[in-house]
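Asks: Quick one: this structure, given as structure tokens, is what I'll be asking you about.
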Amino acid sequence: MATNPYITKGYRPEQNLYEDIVIESLQFYGQDVYYLPREIITQDQIFADEVESRFSEAYKVEMYIENIEGFDGEGDLFTKFGVEIRDQATFIVARKRWKNLIGAYLEENNFRPREGDIIYLPLSNSMFQIMKVETEAPFYQLNQLPTFRLRCELFEYNDEEFQTMVDEIDDVVSEGAYQYALTMFTADSARASATATINDQGEITGINLVSAGSGYITAPEITVSRPEFGVARFGGNSLNCLIGRGKEGQYSDSGAGYSEFFFFPTIFPDSNQQDALFISGGGVDSGGYVWGITDSGQIGYASVVSGMGGLQRLDSAPVLYGEWNHLLVGNIGTQKYAYLNGDKVYSDSGSGLPTVKGTYTIGVPAAGERGETNWGAFRGYIDEFRSVLTDSSEIASRYDGDSNNLIVPNAEFTEDSSTALLLHFNGQTAQLAAVIDSDTGVISSITIADSGEFYADPPEIAIERSFTQDNFIIDEYVSQDNGEYVIKGKILGWSDSDYVMKLAHVGSLDGEFHTFTTTAPVVGQTSRVRAVPKLVGDIQNIQVNSANTVYDNFEQDFLDFSETNPFGDVS
């Protein structure tokens with residue numbers, strides 16, 4: 001019998017009608033699925049295999065599942081090596097719907113679906129990879145090919161990246177991705193720390209690196225606390241002689257002038273002892289004189305040169321114990337004088353006694369065997385020390401009515417043209433510099449740029465953090481630059497309580513296998529937050545041979561104890 005004469009198989013309107021019927025049938029009997037085109041990022045040029053790929057788009061389209069009694073294939077394979085699921089399925093999609101919904105948006109794949117792409121079936125929450133596209137079945141009905149037949153196998157996840165914006169699809173990453181778990185240092189725990197040692201002059205002489213820190217890219221700023229003694233005449237600090245501090249130096253010579261300062265005794269000399277406050281007018285061999293406190297609590301002086309006489313006690317009012325005192329000694333030509341708390345306690349016009357000249361020594365260094373006198377170390381505080389080189393008009397301007405009474409300063413000394421030396425003893429803060437080991441991201445050493453002075457105790461050293469503690473953003477990418485390679489990954493989870501980061505899609509930009517290290521910071525590409533790993537681990541959430549089905553999700557279906565015990569109740 002001949003074919004129906006009323007049907008012209010190449011007639012376009014009849015082909016369109018047939019195609020519309022096919023589409024309607026697929027929409028009636030089919031399932032809504034998502035088509036995920038594979039994007040190849042890197043490819044092995046020798047074997048033509050994709051080394052790295054991702055899925056960033058999902059197109060919804062109806063497809064008919066040709067399998068009527070369940071998925072084909074070998075099914076679930078239980079072996080001593082694990083479980084393998086070898087499900088297969090055949091999907092049928094209308095060419096017209098493919099072109100309108102998918103192909104039109106994929107210029108390079110406009111002609112047909114492509115092997116290697118994925119079909120996500122929400123019905124079973126499964127992903128199938130297209131293994132073969134049949135383009136001629138059914139074979140030229142009405143002289144046309146209205147459908148694609150897609151032969152698929154259950155997709156085995158291989159750490160591909162999913163960013164389709166469809167949550168149920170992208171969740172496959174958290175369920176099946178090979179993950180890294182990075183336990184981060186907190187900003188404080190990654191911070192380096194150090195302590196200092198000082199000498200008797202309150203200068204830093206050494207640095208002990210307690211912790212080298214972690215994650216340093218550049219040398220951090222180091223802050224050293226300023227000297228703090230706790231006692232001062234006009235604010236700031238003072239020279240603490242009680243714990244062994246002193247000051248020595250030199251200023252220009254002059255034939256006239258005076259030195260003055262404040263001192264605060266905390267312990268008086270023992271019987272037959274005397275404590276040295278300062279040496280003025282020269283060193284041990286140049287005719288200088290030591291001024292100090294005698295065991296009677298008065299001012300005394302003695303030459304530093306043997307044969308020039310021993311201790312000379314001044315008949316003066318006693319030094320105030322536990323209070324600030326002011327002492328001024330000077331000379332105008334051969335006229336020498338000394339004032340204690342504004343009262344003149346010494347005046348001599350004889351030769352010698354060069355009170356203002358050459359060098360000075362303050363505090364502990366002034367103690368010891370000086371000439372014919374043995375001086376102990378002054379125990380207390382010294383503040384506002386200055387030496388003035390001028391004529392008699394400078395001291396005369398401070399007389400209180402007559403030359404026997406002197407006005408004691410009630411504010412910090414200031415510089416002027418006559419001041420040759422001025423020490424507020426506010427202390428000089430030390431300056432330190434860090435040296436970074438670029439390979440390990442730690443501080444290898446700390447150098448002393450300025451040792452500072454007048455530290456009563458070793459100063460506190462604060463080293464800048466290697467990063468500022470903040471929170472990363474879920475789904476952002478992070479990278480770690482290890483010099484020879486850069487490794488990156490996508491954040492799946494971040495805990496700001498225990499500082500643990502979970503990453504997937506981890507890979508290096510050079511295409512070789514690398515891992516994260518504990519020497520370089522991890523940087524968020526969106527948040528720009530930095531943190532340093534202290535522990536690098538991995539997490540494998542999917543069973544190696546279970547394709548894209550995680551059996552833990554279904555274990556409750558095997559035995560259900562929620563209502564009754566299937567093995568019988570125990571009474």
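Just remember, in the structure tokens the first chain shown is A, the second B, etc., residues are 1-based per chain, and ligands are 1-based in the order shown.
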Report as a PyMOL selection string all protein, DNA and RNA residues lying within 8 Å of A:Gly202, evaluated on only C-alpha atoms, omitting residues in the same chain fewer than 4 positions from it.

Replies: chain A and resi 198+245+452-457

Asks: Compile the contact shell of A:Ile539 as an MDAnalysis selection string: residues with an atom at most 7 Å away, counting only C-alpha atoms, same-chain residues fewer than 3 positions apart removed.

Replies: chainID A and resid 178:181

Asks: Deliver the residues from the most recent selection as a file, using N, CA and C atoms, as an mmCIF file, in the first residue's frame.

Replies:
data_model
loop_
_atom_site.group_PDB
_atom_site.id
_atom_site.type_symbol
_atom_site.label_atom_id
_atom_site.label_comp_id
_atom_site.auth_asym_id
_atom_site.auth_seq_id
_atom_site.Cartn_x
_atom_site.Cartn_y
_atom_site.Cartn_z
ATOM 1 N N TYR A 178 35.630 18.438 47.238
ATOM 2 C CA TYR A 178 36.820 18.201 48.066
ATOM 3 C C TYR A 178 37.186 19.535 48.696
ATOM 4 N N GLN A 179 37.178 19.586 50.010
ATOM 5 C CA GLN A 179 37.320 20.855 50.705
ATOM 6 C C GLN A 179 38.599 20.914 51.526
ATOM 7 N N TYR A 180 39.062 22.132 51.683
ATOM 8 C CA TYR A 180 40.141 22.429 52.617
ATOM 9 C C TYR A 180 39.538 23.104 53.849
ATOM 10 N N ALA A 181 40.097 22.814 54.988
ATOM 11 C CA ALA A 181 39.715 23.486 56.232
ATOM 12 C C ALA A 181 40.945 24.226 56.745
#

Asks: When distances are computed from only C-alpha atoms, which of A:Gly213, A:Gln480, A:Asn67, A:Asp170 shows the smallest separation from A:Leu492?

Replies: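 Under the stated criterion, the closest residue is A:Asp170.
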
Asks: Given only C-alpha atoms as the basis, pick out the residue of A:Phe264, A:Tyr289, A:Tyr120, A:Trp375 nearest to A:Tyr59.

Replies: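 Ranking A:Phe264, A:Tyr289, A:Tyr120, A:Trp375 by distance to A:Tyr59, first place goes to A:Tyr120.
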
Asks: Please identify all polymer residues within 6 Å of stretch 429-442 of chain A, counting only C-alpha atoms, omitting same-chain residues fewer than 3 positions from it, and present them as a list of chain:residue names.

Replies: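 With the cut-off at 6 Å, the set is A:Ala212, A:Gly213, A:Ser214, A:Gly215, A:Tyr216, A:Ala219, A:Arg226, A:Ser445, A:Ile446, A:Thr447, A:Ile448, A:Ala449, A:Asp450, A:Ser451, A:Gly452, A:Thr519, A:Ala520.
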
Asks: For stretch 384-397 of chain A, work out the shell of residues within 7 Å, counting only C-alpha atoms and skipping chain neighbours fewer than 3 positions away, then give it as JSON, numbers by chain.

Replies: {"A": [254, 256, 257, 258, 259, 260, 261, 262, 332, 412, 413, 418, 419, 420, 421, 422, 423, 424, 425]}

Asks: Could you pull the residues within 6 Å of stretch 301-313 of chain A, counting only C-alpha atoms, minus those fewer than 5 positions along the same chain, as a VMD selection string?

Replies: chain A and resid 284 288 to 291 370 to 373

Asks: At a cut-off of 12 Å, using only C-alpha atoms, what residues contact A:Phe111? Leave out same-chain residues fewer than 3 positions from it and give the result as a list of chain:residue names.

Replies: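 Those residues are A:Arg95, A:Lys96, A:Trp98, A:Lys99, A:Asn100, A:Ile102, A:Gly103, A:Ala104, A:Tyr105, A:Leu106, A:Glu107, A:Glu108, A:Arg114, A:Val133, A:Thr135, A:Phe148.
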
Asks: If you count only C-alpha atoms, which residues fall within 9 Å of A:Ile473, apart from same-chain ones fewer than 5 positions away, as a PDB file with N, CA and C atoms, in the first residue's frame?

Replies:
ATOM      1  N   ILE A 491      35.215  30.263  49.326  1.00  0.00           N
ATOM      2  CA  ILE A 491      34.783  30.075  50.710  1.00  0.00           C
ATOM      3  C   ILE A 491      33.384  29.471  50.734  1.00  0.00           C
ATOM      4  N   GLY A 493      32.369  28.106  53.897  1.00  0.00           N
ATOM      5  CA  GLY A 493      31.966  28.357  55.273  1.00  0.00           C
ATOM      6  C   GLY A 493      33.014  29.165  56.004  1.00  0.00           C
ATOM      7  N   TRP A 494      32.557  30.009  56.929  1.00  0.00           N
ATOM      8  CA  TRP A 494      33.476  30.826  57.718  1.00  0.00           C
ATOM      9  C   TRP A 494      32.900  30.982  59.115  1.00  0.00           C
ATOM     10  N   GLY A 524      41.006  37.781  50.939  1.00  0.00           N
ATOM     11  CA  GLY A 524      39.711  37.748  50.271  1.00  0.00           C
ATOM     12  C   GLY A 524      39.702  38.683  49.082  1.00  0.00           C
ATOM     13  N   THR A 526      37.173  39.828  47.447  1.00  0.00           N
ATOM     14  CA  THR A 526      36.092  40.814  47.535  1.00  0.00           C
ATOM     15  C   THR A 526      36.205  41.644  48.800  1.00  0.00           C
ATOM     16  N   SER A 527      36.331  40.991  49.939  1.00  0.00           N
ATOM     17  CA  SER A 527      36.383  41.698  51.223  1.00  0.00           C
ATOM     18  C   SER A 527      37.732  42.330  51.492  1.00  0.00           C
ATOM     19  N   VAL A 529      39.917  41.084  53.201  1.00  0.00           N
ATOM     20  CA  VAL A 529      40.312  40.671  54.549  1.00  0.00           C
ATOM     21  C   VAL A 529      41.510  39.724  54.430  1.00  0.00           C
TER      22      VAL A 529
END

Asks: When DSSP is applied to the backbone of this structure, which of stretch 403-445 of chain A are assigned strand (DSSP E)? Write them out as an NGL selection string.

Replies: :A and (403-406 or 419-423 or 431-437 or 442-445)

Asks: For atom CA of A:Arg465 and atom CA of A:Thr197, determine how far apart the two atoms are, in Å to one decimal place.

Replies: 22.6 Å

Asks: Tell me which of A:Asn482, A:Ser53, A:Gln129, A:Ser417 sits closest to A:Arg86, counting only C-alpha atoms.

Replies: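 Closest to A:Arg86, using only C-alpha atoms: A:Gln129.
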
Asks: Here is a test: counting only C-alpha atoms, which residue of A:Pro458, A:Gly300, A:Gly281, A:Pro365 is nearest to A:Ser225?

Replies: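 Among the listed residues, A:Pro458 lies closest to A:Ser225.
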
Asks: Counting only C-alpha atoms, which of A:Asp87, A:Asp498, A:Glu228, A:Glu484 gets nearest to A:Glu512?

Replies: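 The shortest atom-to-atom distance to A:Glu512 comes from A:Glu484.
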
Asks: Which residues in stretch 276-399 of chain A does DSSP call alpha helix (DSSP H)? List them as number ranges by chain.

Replies: A: 392-396

Asks: State, in Å with one decimal place, the distance from atom CA of A:Ile65 to atom CA of A:Ala177.

Replies: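 Interatomic distance here is 27.7 Å.
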